[in-house]
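**Student:** target-v5.txt is the file, holding compact mmCIF, C-alpha atoms:
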# COMPACT_ATOMS: atom_id res chain seq x y z
CA MET A 1 -14.86 -14.54 -10.82
CA ASP A 2 -11.70 -12.50 -10.33
CA GLY A 3 -10.81 -8.83 -10.59
CA TYR A 4 -11.99 -5.62 -8.99
CA VAL A 5 -15.02 -3.37 -9.41
CA LYS A 6 -15.85 0.11 -8.16
CA GLY A 7 -17.25 0.44 -4.65
CA ILE A 8 -18.72 3.65 -3.23
CA ILE A 9 -19.17 4.42 0.45
CA SER A 10 -22.60 5.98 0.76
CA ASN A 11 -22.91 9.00 3.05
CA ASP A 12 -26.29 10.15 1.71
CA SER A 13 -24.42 12.69 -0.38
CA THR A 14 -23.64 12.36 -4.06
CA GLU A 15 -20.65 14.67 -3.66
CA ASN A 16 -19.14 12.59 -0.86
CA GLU A 17 -19.92 9.34 -2.65
CA GLU A 18 -17.88 10.38 -5.65
CA LEU A 19 -14.94 11.35 -3.43
CA PHE A 20 -14.69 8.06 -1.57
CA THR A 21 -14.48 5.20 -4.04
CA PHE A 22 -12.56 1.96 -3.54
CA PRO A 23 -11.59 -1.01 -5.71
CA ILE A 24 -13.38 -4.01 -4.23
CA THR A 25 -13.37 -7.65 -5.21
CA VAL A 26 -16.30 -9.28 -6.93
CA ALA A 27 -16.88 -11.36 -3.79
CA GLU A 28 -17.08 -8.18 -1.71
CA ALA A 29 -19.45 -6.61 -4.24
CA VAL A 30 -21.76 -9.58 -3.77
CA TYR A 31 -21.40 -9.28 0.02
CA PHE A 32 -22.64 -5.68 0.07
CA ASP A 33 -26.40 -5.76 -0.51
CA ASP A 34 -27.23 -2.53 -2.32
CA GLY A 35 -30.26 -3.88 -4.19
CA LYS A 36 -28.41 -4.23 -7.52
CA ASN A 37 -28.07 -7.45 -9.44
CA LEU A 38 -24.61 -8.84 -10.13
CA VAL A 39 -24.47 -7.54 -13.71
CA ASP A 40 -25.14 -3.98 -12.55
CA LYS A 41 -22.60 -4.33 -9.74
CA LEU A 42 -19.91 -5.34 -12.21
CA ASN A 43 -20.75 -2.80 -14.91
CA GLU A 44 -21.58 0.17 -12.70
CA THR A 45 -20.77 0.52 -9.01
CA THR A 46 -21.53 -1.21 -5.75
CA VAL A 47 -22.84 1.09 -3.03
CA ILE A 48 -21.29 0.11 0.29
CA PRO A 49 -23.86 0.66 3.08
CA ASN A 50 -22.24 2.97 5.60
CA LYS A 51 -22.76 1.52 9.06
CA TRP A 52 -20.58 4.22 10.66
CA GLN A 53 -22.26 7.37 9.40
CA ASN A 54 -23.06 9.74 12.30
CA LYS A 55 -21.48 7.30 14.76
CA ASN A 56 -18.85 8.11 17.40
CA ILE A 57 -15.39 6.58 17.00
CA ALA A 58 -12.52 6.88 19.50
CA CYS A 59 -8.99 6.18 18.24
CA PHE A 60 -6.26 5.20 20.72
CA GLY A 61 -2.56 5.03 19.90
CA ASP A 62 0.75 6.83 19.76
CA SER A 63 2.03 9.77 17.66
CA ILE A 64 0.96 8.08 14.41
CA THR A 65 -2.63 8.23 15.63
CA ALA A 66 -2.20 11.70 17.10
CA GLY A 67 -0.76 12.80 13.73
CA GLY A 68 -4.01 12.74 11.86
CA TYR A 69 -5.24 9.58 10.11
CA PRO A 70 -8.35 9.42 12.38
CA THR A 71 -9.54 12.69 10.81
CA ASN A 72 -9.48 11.02 7.41
CA ILE A 73 -11.46 8.07 8.78
CA GLY A 74 -14.10 10.49 10.04
CA ASN A 75 -14.26 12.38 6.74
CA ILE A 76 -14.71 9.20 4.74
CA LEU A 77 -17.25 7.56 7.03
CA GLY A 78 -19.14 10.68 8.04
CA ALA A 79 -18.40 9.81 11.66
CA SER A 80 -17.47 11.87 14.70
CA ILE A 81 -13.88 11.16 15.75
CA THR A 82 -12.28 11.46 19.17
CA ASN A 83 -8.51 11.26 18.74
CA LYS A 84 -6.91 9.84 21.89
CA GLY A 85 -3.47 9.31 20.35
CA SER A 86 -0.47 10.68 22.24
CA SER A 87 3.14 11.19 21.20
CA GLY A 88 5.33 8.46 22.67
CA GLY A 89 2.27 6.44 23.63
CA THR A 90 2.28 2.72 24.37
CA TYR A 91 -0.31 0.14 25.40
CA LYS A 92 0.52 1.18 28.98
CA ARG A 93 -0.39 4.79 28.31
CA ASP A 94 -3.50 3.72 26.41
CA TRP A 95 -4.56 1.91 29.57
CA ASP A 96 -4.29 5.12 31.60
CA ILE A 97 -6.03 7.17 28.91
CA ILE A 98 -8.93 4.80 28.33
CA GLN A 99 -9.75 4.65 32.04
CA ALA A 100 -10.01 8.44 32.07
CA THR A 101 -12.19 8.52 28.94
CA ASP A 102 -15.97 8.49 28.99
CA LEU A 103 -17.00 5.99 26.31
CA ASN A 104 -20.70 5.93 27.13
CA TYR A 105 -21.62 7.54 23.81
CA THR A 106 -18.95 5.80 21.75
CA ASP A 107 -19.87 3.23 19.11
CA CYS A 108 -16.40 2.04 18.14
CA VAL A 109 -12.80 2.14 19.38
CA THR A 110 -9.59 1.47 17.46
CA PHE A 111 -6.18 0.61 18.87
CA MET A 112 -2.93 1.21 16.96
CA THR A 113 0.06 0.77 19.22
CA GLY A 114 3.55 -0.69 19.07
CA HIS A 115 5.86 1.92 17.58
CA ASN A 116 7.29 2.72 21.02
CA LEU A 117 6.82 -0.55 22.91
CA GLY A 118 6.17 -3.43 20.55
CA ALA A 119 5.73 -7.18 20.70
CA GLY A 120 9.35 -8.21 20.27
CA ASN A 121 9.81 -11.98 20.12
CA THR A 122 6.89 -12.75 22.42
CA THR A 123 4.17 -15.02 21.06
CA LEU A 124 0.67 -15.83 22.25
CA GLU A 125 1.95 -19.06 23.79
CA THR A 126 4.83 -17.38 25.66
CA SER A 127 2.99 -14.19 26.64
CA GLY A 128 1.18 -15.52 29.69
CA LEU A 129 -2.15 -14.41 28.24
CA LEU A 130 -3.34 -18.01 27.94
CA ASP A 131 -2.70 -18.60 31.65
CA ILE A 132 -5.27 -16.06 32.88
CA SER A 133 -7.96 -17.95 34.82
CA ASP A 134 -10.34 -15.02 35.28
CA PRO A 135 -10.46 -12.69 32.23
CA THR A 136 -12.43 -10.14 34.26
CA ASP A 137 -9.52 -9.72 36.68
CA LEU A 138 -7.69 -7.07 34.67
CA SER A 139 -4.91 -6.85 37.27
CA SER A 140 -3.81 -10.38 36.36
CA TYR A 141 -2.83 -9.63 32.77
CA PRO A 142 0.87 -9.99 31.89
CA ASP A 143 2.86 -6.78 31.55
CA ASN A 144 3.72 -7.15 27.88
CA TYR A 145 2.26 -6.29 24.46
CA TYR A 146 -0.13 -9.23 24.46
CA GLY A 147 -1.30 -8.66 28.00
CA GLY A 148 -1.59 -4.91 27.50
CA LEU A 149 -3.83 -5.21 24.47
CA GLY A 150 -5.80 -8.05 26.01
CA LYS A 151 -6.49 -5.86 29.03
CA LEU A 152 -7.62 -2.97 26.82
CA ILE A 153 -9.97 -5.23 24.87
CA ASN A 154 -11.57 -6.74 27.93
CA TYR A 155 -11.83 -3.38 29.68
CA VAL A 156 -14.00 -2.20 26.79
CA ARG A 157 -15.99 -5.42 26.66
CA ILE A 158 -16.67 -5.47 30.39
CA ASN A 159 -17.59 -1.81 30.76
CA TYR A 160 -18.99 -0.99 27.30
CA PRO A 161 -20.18 -4.29 25.79
CA LYS A 162 -21.89 -2.69 22.79
CA ILE A 163 -18.74 -0.96 21.50
CA LYS A 164 -17.12 -2.42 18.38
CA ILE A 165 -13.34 -2.88 18.66
CA TYR A 166 -10.73 -2.88 15.89
CA LEU A 167 -7.03 -3.65 16.15
CA LEU A 168 -4.99 -1.67 13.63
CA GLY A 169 -1.69 -2.87 12.24
CA LEU A 170 1.33 -0.58 11.87
CA HIS A 171 2.49 0.71 8.50
CA PHE A 172 6.00 -0.12 7.31
CA THR A 173 8.68 1.81 9.22
CA THR A 174 12.47 1.75 9.50
CA ARG A 175 12.29 0.81 13.18
CA THR A 176 13.88 -2.62 13.46
CA ASN A 177 11.20 -5.17 12.64
CA THR A 178 8.65 -3.43 14.88
CA SER A 179 5.93 -3.36 12.24
CA LYS A 180 6.26 -7.05 11.46
CA ASP A 181 6.43 -8.10 15.12
CA CYS A 182 3.29 -6.14 15.93
CA GLN A 183 1.52 -7.34 12.80
CA ARG A 184 2.08 -10.94 13.88
CA ALA A 185 1.06 -10.26 17.46
CA LEU A 186 -2.05 -8.26 16.56
CA LYS A 187 -3.26 -11.05 14.29
CA GLU A 188 -2.82 -13.55 17.13
CA ILE A 189 -4.55 -11.29 19.66
CA GLY A 190 -7.39 -10.54 17.26
CA ASP A 191 -7.97 -14.22 16.56
CA TYR A 192 -7.81 -15.10 20.26
CA TYR A 193 -10.37 -12.47 21.28
CA SER A 194 -12.38 -12.54 18.03
CA VAL A 195 -11.60 -8.88 17.36
CA PRO A 196 -11.21 -7.68 13.75
CA PHE A 197 -7.59 -6.99 12.80
CA ILE A 198 -7.04 -4.45 10.02
CA ASP A 199 -3.78 -5.27 8.26
CA VAL A 200 -2.52 -1.75 7.60
CA PHE A 201 1.01 -3.03 6.97
CA ALA A 202 -0.07 -5.14 3.99
CA ASN A 203 -2.81 -2.96 2.54
CA CYS A 204 -2.22 0.77 3.08
CA GLY A 205 0.26 1.18 0.21
CA ILE A 206 3.30 2.31 2.21
CA SER A 207 6.37 0.11 1.80
CA LYS A 208 10.16 0.19 1.87
CA THR A 209 10.27 1.33 -1.76
CA ASN A 210 8.12 4.44 -1.28
CA LEU A 211 8.46 5.23 2.44
CA THR A 212 10.35 8.49 1.77
CA VAL A 213 7.34 9.77 -0.21
CA TYR A 214 5.07 9.45 2.82
CA SER A 215 7.49 9.92 5.74
CA SER A 216 10.41 12.27 6.42
CA ASP A 217 11.85 10.27 9.33
CA GLY A 218 10.97 6.69 8.47
CA THR A 219 8.17 6.46 11.03
CA HIS A 220 5.80 9.43 11.11
CA VAL A 221 3.70 9.98 8.01
CA ASN A 222 2.84 13.22 6.20
CA ASP A 223 -0.59 14.33 4.99
CA GLU A 224 -0.49 11.96 2.03
CA GLY A 225 0.51 9.11 4.33
CA ASN A 226 -2.33 9.92 6.69
CA LYS A 227 -4.67 9.85 3.72
CA LEU A 228 -3.53 6.34 2.79
CA LEU A 229 -3.88 5.11 6.37
CA GLY A 230 -7.32 6.66 6.74
CA GLU A 231 -8.61 5.20 3.48
CA CYS A 232 -7.26 1.73 4.26
CA ILE A 233 -8.74 1.66 7.76
CA ALA A 234 -12.08 3.23 6.81
CA TYR A 235 -12.74 0.74 4.04
CA GLU A 236 -11.85 -2.25 6.22
CA MET A 237 -14.15 -0.91 8.94
CA MET A 238 -17.00 -1.03 6.46
CA TYR A 239 -16.31 -4.63 5.59
CA LYS A 240 -15.39 -6.13 8.99
Write out the structure in this file as structure tokens.
**Tutor:**
Amino acid sequence: MDGYVKGIISNDSTENEELFTFPITVAEAVYFDDGKNLVDKLNETTVIPNKWQNKNIACFGDSITAGGYPTNIGNILGASITNKGSSGGTYKRDWDIIQATDLNYTDCVTFMTGHNLGAGNTTLETSGLLDISDPTDLSSYPDNYYGGLGKLINYVRINYPKIKIYLLGLHFTTRTNTSKDCQRALKEIGDYYSVPFIDVFANCGISKTNLTVYSSDGTHVNDEGNKLLGECIAYEMMYK
């Protein structure tokens, strides 16, 4: 069966449920077990069980992260957000920040990085990431986008093995091919480490044709842009 039906993120609040609705595929409606039969799912709504309600989420990244979409994620999911984004940030700065951050009470971390120091033409095969003999030796990771994110992922896995990790794609920007380069690289890194990749570029609703509606400088988004990013990421976090 094709088409979309109405999905509701449940936060134990009728008011919040009505605010946060998403179009979901029939296959996704079947995936979410809300106790309804298929006919009711298609004719009414599918309640999406909220695995992140009252959980602690830390978001790492650059000025796009610092600018506000994590707040929208928290509002939608009913989660507590720690925003670790920093203007001008890169995977190198994320490395410094994450080592200084206590993640003992954190349930999930997200990484969105690449606007300031992206993947370029490097690929998984040329990155040097595949040549690492001891993944626990974090000093041996190559000093590039692939190595930087690989080191961040394994730092979390080694020190906080119960934390869920998400890699977030970049929305469309006017910076030369950065979004596409990072989108390709993040997909490769996510597949290699079996970490969910949320394709913000393809799914958030910001594109070349409407970028001026959501951004005044071609990169940073306004409140409406942050809303789109937050909704896209929050929904994918429910499903992945």
**Student:** List the neighbours of Glu231 of chain A out to 8 Å using all atoms listed in the file; skip same-chain residues closer than 6 positions along the sequence, and give me the result as number ranges by chain.
**Tutor:** A: 72-73, 76, 204
**Student:** One number please: atom CA of Leu138 of chain A to atom CA of Ser80 of chain A, in Å, one decimal.
**Tutor:**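 About the pair atom CA of Leu138 of chain A and atom CA of Ser80 of chain A: they are 29.2 Å apart.
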**Student:** Could you check how far atom CA of Val195 of chain A sits from atom CA of Tyr235 of chain A, in Å to one decimal?
**Tutor:**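 Computed distance, atom CA of Val195 of chain A to atom CA of Tyr235 of chain A, equals 16.5 Å.
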**Student:** Hey, which of A:Phe201, A:Tyr166, A:Tyr146, A:Trp95 ends up closest to Ile132 of chain A? Count all atoms listed in the file.
**Tutor:**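 Result for the nearest residue to Ile132 of chain A: A:Tyr146.
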**Student:** What's the 10 Å shell around Ser215 of chain A, counting all atoms listed in the file, without same-chain residues fewer than 3 positions away, as a ChimeraX atom specification?
**Tutor:** /A:173,206,210-212,218-226
**Student:** Just write the chosen residues, C-alpha atoms, as a PDB file, in the coordinates of the input.
**Tutor:**
ATOM      1  CA  THR A 173       8.680   1.810   9.220  1.00  0.00           C
ATOM      2  CA  ILE A 206       3.300   2.310   2.210  1.00  0.00           C
ATOM      3  CA  ASN A 210       8.120   4.440  -1.280  1.00  0.00           C
ATOM      4  CA  LEU A 211       8.460   5.230   2.440  1.00  0.00           C
ATOM      5  CA  THR A 212      10.350   8.490   1.770  1.00  0.00           C
ATOM      6  CA  GLY A 218      10.970   6.690   8.470  1.00  0.00           C
ATOM      7  CA  THR A 219       8.170   6.460  11.030  1.00  0.00           C
ATOM      8  CA  HIS A 220       5.800   9.430  11.110  1.00  0.00           C
ATOM      9  CA  VAL A 221       3.700   9.980   8.010  1.00  0.00           C
ATOM     10  CA  ASN A 222       2.840  13.220   6.200  1.00  0.00           C
ATOM     11  CA  ASP A 223      -0.590  14.330   4.990  1.00  0.00           C
ATOM     12  CA  GLU A 224      -0.490  11.960   2.030  1.00  0.00           C
ATOM     13  CA  GLY A 225       0.510   9.110   4.330  1.00  0.00           C
ATOM     14  CA  ASN A 226      -2.330   9.920   6.690  1.00  0.00           C
TER      15      ASN A 226
END
**Student:** Would you list the residues near (0.9, 13.4, 17.7) (no more than 8 Å away, in the coordinates of the file, using only C-alpha atoms) as a PyMOL selection string?
**Tutor:** chain A and resi 62-68+85-87
**Student:** With C-alpha atoms retained, export the selected residues as a tab-separated table (two decimals), in the frame of the given file.
**Tutor:**
chain	number	residue	atom	x	y	z
A	62	ASP	CA	0.75	6.83	19.76
A	63	SER	CA	2.03	9.77	17.66
A	64	ILE	CA	0.96	8.08	14.41
A	65	THR	CA	-2.63	8.23	15.63
A	66	ALA	CA	-2.20	11.70	17.10
A	67	GLY	CA	-0.76	12.80	13.73
A	68	GLY	CA	-4.01	12.74	11.86
A	85	GLY	CA	-3.47	9.31	20.35
A	86	SER	CA	-0.47	10.68	22.24
A	87	SER	CA	3.14	11.19	21.20
**Student:** Might you pull out every residue within 10 Å of Tyr105 of chain A, with only C-alpha atoms counted and same-chain residues fewer than 2 positions away left off, and present them as a list in words?
**Tutor:**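 Here the answer would be Lys55, Asn56, Ile57, Asp102, Leu103, Asp107, Cys108, Tyr160 and Ile163 of chain A.
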**Student:** Restricting the calculation to all atoms listed in the file, which member of A:Glu236, A:Asp94, A:Glu125, A:Asp134 is positioned closest to Leu77 of chain A?
**Tutor:** A:Glu236
**Student:** Report as a ChimeraX atom specification all protein, DNA and RNA residues lying within 10 Å of Cys182 of chain A, evaluated on all atoms listed in the file, omitting residues in the same chain fewer than 6 positions from it.
**Tutor:** /A:112-115,117-122,145-146,168-170,188,201
**Student:** Have a look at A:Ser179, A:Tyr239, A:Leu129, A:Ala234 and name the one nearest to Gly78 of chain A; count only C-alpha atoms.
**Tutor:** A:Ala234
**Student:** So which one's closest to Asp191 of chain A, A:His171, A:Asn116, A:Leu124, A:Leu152? Using only C-alpha atoms, please.
**Tutor:**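 Among A:His171, A:Asn116, A:Leu124, A:Leu152, it is A:Leu124 that comes nearest to Asp191 of chain A.
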**Student:** Rounded to one decimal, what separation in Å do you get between atom CA of Thr71 of chain A and atom CA of Pro49 of chain A?
**Tutor:** 20.2 Å
**Student:** Mind checking which residues fall within 12 Å of Thr136 of chain A, counting only C-alpha atoms, ignoring those fewer than 2 positions away in the same chain, and posting them as a list in words?
**Tutor:**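 Skipping anything fewer than 2 positions along the chain leaves Ile132, Ser133, Asp134, Leu138, Ser139, Ser140, Tyr141, Gly150, Lys151, Leu152, Ile153, Asn154, Tyr155, Val156, Arg157, Ile158 and Asn159 of chain A.
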**Student:** Which one is closest to Arg93 of chain A: A:Gly61, A:Gly205, A:Phe111, A:Tyr192? Count all atoms listed in the file.
**Tutor:**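 Under the stated criterion, the closest residue is A:Gly61.
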**Student:** Using all atoms listed in the file, which residue out of A:Ser127, A:Leu149, A:Asp143, A:Leu229 lies closest to Phe172 of chain A?
**Tutor:**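 Nearest candidate to Phe172 of chain A out of A:Ser127, A:Leu149, A:Asp143, A:Leu229: A:Leu229.
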**Student:** Box time for segment 59-66 of chain A: axis-aligned, enclosing all its listed atoms, 6 Å extra on each side; report centre and edge lengths in Å to one decimal, as JSON.
**Tutor:**
{"center_x": -3.5, "center_y": 8.4, "center_z": 17.6, "size_x": 23.0, "size_y": 18.7, "size_z": 18.3}
**Student:** Taking the partial coordinates given, rebuild segment 71-94 of chain A to contain N, CA, C and O atoms; return it as a PDB file, in the frame of the given file.
**Tutor:**
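And here is the file that came out, out.pdb:
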ATOM      1  N   THR A  71      -8.727  11.664  11.482  1.00  0.00           N
ATOM      2  CA  THR A  71      -9.540  12.690  10.810  1.00  0.00           C
ATOM      3  C   THR A  71     -10.003  12.211   9.451  1.00  0.00           C
ATOM      4  O   THR A  71     -11.160  12.432   9.049  1.00  0.00           O
ATOM      5  N   ASN A  72      -9.114  11.544   8.722  1.00  0.00           N
ATOM      6  CA  ASN A  72      -9.480  11.020   7.410  1.00  0.00           C
ATOM      7  C   ASN A  72     -10.524   9.916   7.523  1.00  0.00           C
ATOM      8  O   ASN A  72     -11.415   9.815   6.671  1.00  0.00           O
ATOM      9  N   ILE A  73     -10.428   9.092   8.560  1.00  0.00           N
ATOM     10  CA  ILE A  73     -11.460   8.070   8.780  1.00  0.00           C
ATOM     11  C   ILE A  73     -12.820   8.747   8.962  1.00  0.00           C
ATOM     12  O   ILE A  73     -13.825   8.338   8.370  1.00  0.00           O
ATOM     13  N   GLY A  74     -12.849   9.784   9.788  1.00  0.00           N
ATOM     14  CA  GLY A  74     -14.100  10.490  10.040  1.00  0.00           C
ATOM     15  C   GLY A  74     -14.667  11.138   8.786  1.00  0.00           C
ATOM     16  O   GLY A  74     -15.877  11.099   8.542  1.00  0.00           O
ATOM     17  N   ASN A  75     -13.793  11.739   7.969  1.00  0.00           N
ATOM     18  CA  ASN A  75     -14.260  12.380   6.740  1.00  0.00           C
ATOM     19  C   ASN A  75     -14.854  11.370   5.775  1.00  0.00           C
ATOM     20  O   ASN A  75     -15.868  11.642   5.114  1.00  0.00           O
ATOM     21  N   ILE A  76     -14.236  10.222   5.667  1.00  0.00           N
ATOM     22  CA  ILE A  76     -14.710   9.200   4.740  1.00  0.00           C
ATOM     23  C   ILE A  76     -16.013   8.576   5.221  1.00  0.00           C
ATOM     24  O   ILE A  76     -16.957   8.388   4.444  1.00  0.00           O
ATOM     25  N   LEU A  77     -16.087   8.272   6.500  1.00  0.00           N
ATOM     26  CA  LEU A  77     -17.250   7.560   7.030  1.00  0.00           C
ATOM     27  C   LEU A  77     -18.365   8.474   7.498  1.00  0.00           C
ATOM     28  O   LEU A  77     -19.439   7.985   7.839  1.00  0.00           O
ATOM     29  N   GLY A  78     -18.124   9.772   7.526  1.00  0.00           N
ATOM     30  CA  GLY A  78     -19.140  10.680   8.040  1.00  0.00           C
ATOM     31  C   GLY A  78     -19.384  10.468   9.520  1.00  0.00           C
ATOM     32  O   GLY A  78     -20.503  10.601  10.024  1.00  0.00           O
ATOM     33  N   ALA A  79     -18.308  10.109  10.233  1.00  0.00           N
ATOM     34  CA  ALA A  79     -18.400   9.810  11.660  1.00  0.00           C
ATOM     35  C   ALA A  79     -17.728  10.888  12.486  1.00  0.00           C
ATOM     36  O   ALA A  79     -16.873  11.626  11.999  1.00  0.00           O
ATOM     37  N   SER A  80     -18.114  10.958  13.760  1.00  0.00           N
ATOM     38  CA  SER A  80     -17.470  11.870  14.700  1.00  0.00           C
ATOM     39  C   SER A  80     -16.290  11.165  15.345  1.00  0.00           C
ATOM     40  O   SER A  80     -16.436  10.062  15.883  1.00  0.00           O
ATOM     41  N   ILE A  81     -15.109  11.792  15.276  1.00  0.00           N
ATOM     42  CA  ILE A  81     -13.880  11.160  15.750  1.00  0.00           C
ATOM     43  C   ILE A  81     -13.374  11.828  17.027  1.00  0.00           C
ATOM     44  O   ILE A  81     -13.311  13.052  17.120  1.00  0.00           O
ATOM     45  N   THR A  82     -13.017  11.003  18.005  1.00  0.00           N
ATOM     46  CA  THR A  82     -12.280  11.460  19.170  1.00  0.00           C
ATOM     47  C   THR A  82     -10.885  10.873  19.080  1.00  0.00           C
ATOM     48  O   THR A  82     -10.715   9.646  19.147  1.00  0.00           O
ATOM     49  N   ASN A  83      -9.882  11.728  18.894  1.00  0.00           N
ATOM     50  CA  ASN A  83      -8.510  11.260  18.740  1.00  0.00           C
ATOM     51  C   ASN A  83      -7.818  11.222  20.099  1.00  0.00           C
ATOM     52  O   ASN A  83      -7.525  12.260  20.686  1.00  0.00           O
ATOM     53  N   LYS A  84      -7.560  10.017  20.593  1.00  0.00           N
ATOM     54  CA  LYS A  84      -6.910   9.840  21.890  1.00  0.00           C
ATOM     55  C   LYS A  84      -5.451   9.409  21.738  1.00  0.00           C
ATOM     56  O   LYS A  84      -4.835   8.914  22.690  1.00  0.00           O
ATOM     57  N   GLY A  85      -4.881   9.619  20.548  1.00  0.00           N
ATOM     58  CA  GLY A  85      -3.470   9.310  20.350  1.00  0.00           C
ATOM     59  C   GLY A  85      -2.586  10.284  21.104  1.00  0.00           C
ATOM     60  O   GLY A  85      -2.940  11.447  21.296  1.00  0.00           O
ATOM     61  N   SER A  86      -1.407   9.812  21.523  1.00  0.00           N
ATOM     62  CA  SER A  86      -0.470  10.680  22.240  1.00  0.00           C
ATOM     63  C   SER A  86       0.947  10.348  21.825  1.00  0.00           C
ATOM     64  O   SER A  86       1.316   9.177  21.686  1.00  0.00           O
ATOM     65  N   SER A  87       1.756  11.378  21.624  1.00  0.00           N
ATOM     66  CA  SER A  87       3.140  11.190  21.200  1.00  0.00           C
ATOM     67  C   SER A  87       3.906  10.371  22.225  1.00  0.00           C
ATOM     68  O   SER A  87       3.865  10.659  23.425  1.00  0.00           O
ATOM     69  N   GLY A  88       4.600   9.328  21.765  1.00  0.00           N
ATOM     70  CA  GLY A  88       5.330   8.460  22.670  1.00  0.00           C
ATOM     71  C   GLY A  88       4.473   7.424  23.354  1.00  0.00           C
ATOM     72  O   GLY A  88       4.948   6.702  24.237  1.00  0.00           O
ATOM     73  N   GLY A  89       3.218   7.328  22.964  1.00  0.00           N
ATOM     74  CA  GLY A  89       2.270   6.440  23.630  1.00  0.00           C
ATOM     75  C   GLY A  89       2.585   4.965  23.439  1.00  0.00           C
ATOM     76  O   GLY A  89       3.223   4.550  22.471  1.00  0.00           O
ATOM     77  N   THR A  90       2.144   4.170  24.386  1.00  0.00           N
ATOM     78  CA  THR A  90       2.280   2.720  24.370  1.00  0.00           C
ATOM     79  C   THR A  90       0.970   2.112  24.841  1.00  0.00           C
ATOM     80  O   THR A  90       0.045   2.834  25.240  1.00  0.00           O
ATOM     81  N   TYR A  91       0.883   0.785  24.854  1.00  0.00           N
ATOM     82  CA  TYR A  91      -0.310   0.140  25.400  1.00  0.00           C
ATOM     83  C   TYR A  91      -0.485   0.497  26.872  1.00  0.00           C
ATOM     84  O   TYR A  91      -1.613   0.546  27.384  1.00  0.00           O
ATOM     85  N   LYS A  92       0.619   0.788  27.572  1.00  0.00           N
ATOM     86  CA  LYS A  92       0.520   1.180  28.980  1.00  0.00           C
ATOM     87  C   LYS A  92      -0.146   2.553  29.108  1.00  0.00           C
ATOM     88  O   LYS A  92      -0.987   2.766  29.989  1.00  0.00           O
ATOM     89  N   ARG A  93       0.241   3.474  28.248  1.00  0.00           N
ATOM     90  CA  ARG A  93      -0.390   4.790  28.310  1.00  0.00           C
ATOM     91  C   ARG A  93      -1.837   4.732  27.841  1.00  0.00           C
ATOM     92  O   ARG A  93      -2.703   5.421  28.378  1.00  0.00           O
ATOM     93  N   ASP A  94      -2.114   3.892  26.842  1.00  0.00           N
ATOM     94  CA  ASP A  94      -3.500   3.720  26.410  1.00  0.00           C
ATOM     95  C   ASP A  94      -4.379   3.247  27.558  1.00  0.00           C
ATOM     96  O   ASP A  94      -5.547   3.645  27.668  1.00  0.00           O
TER      97      ASP A  94
END
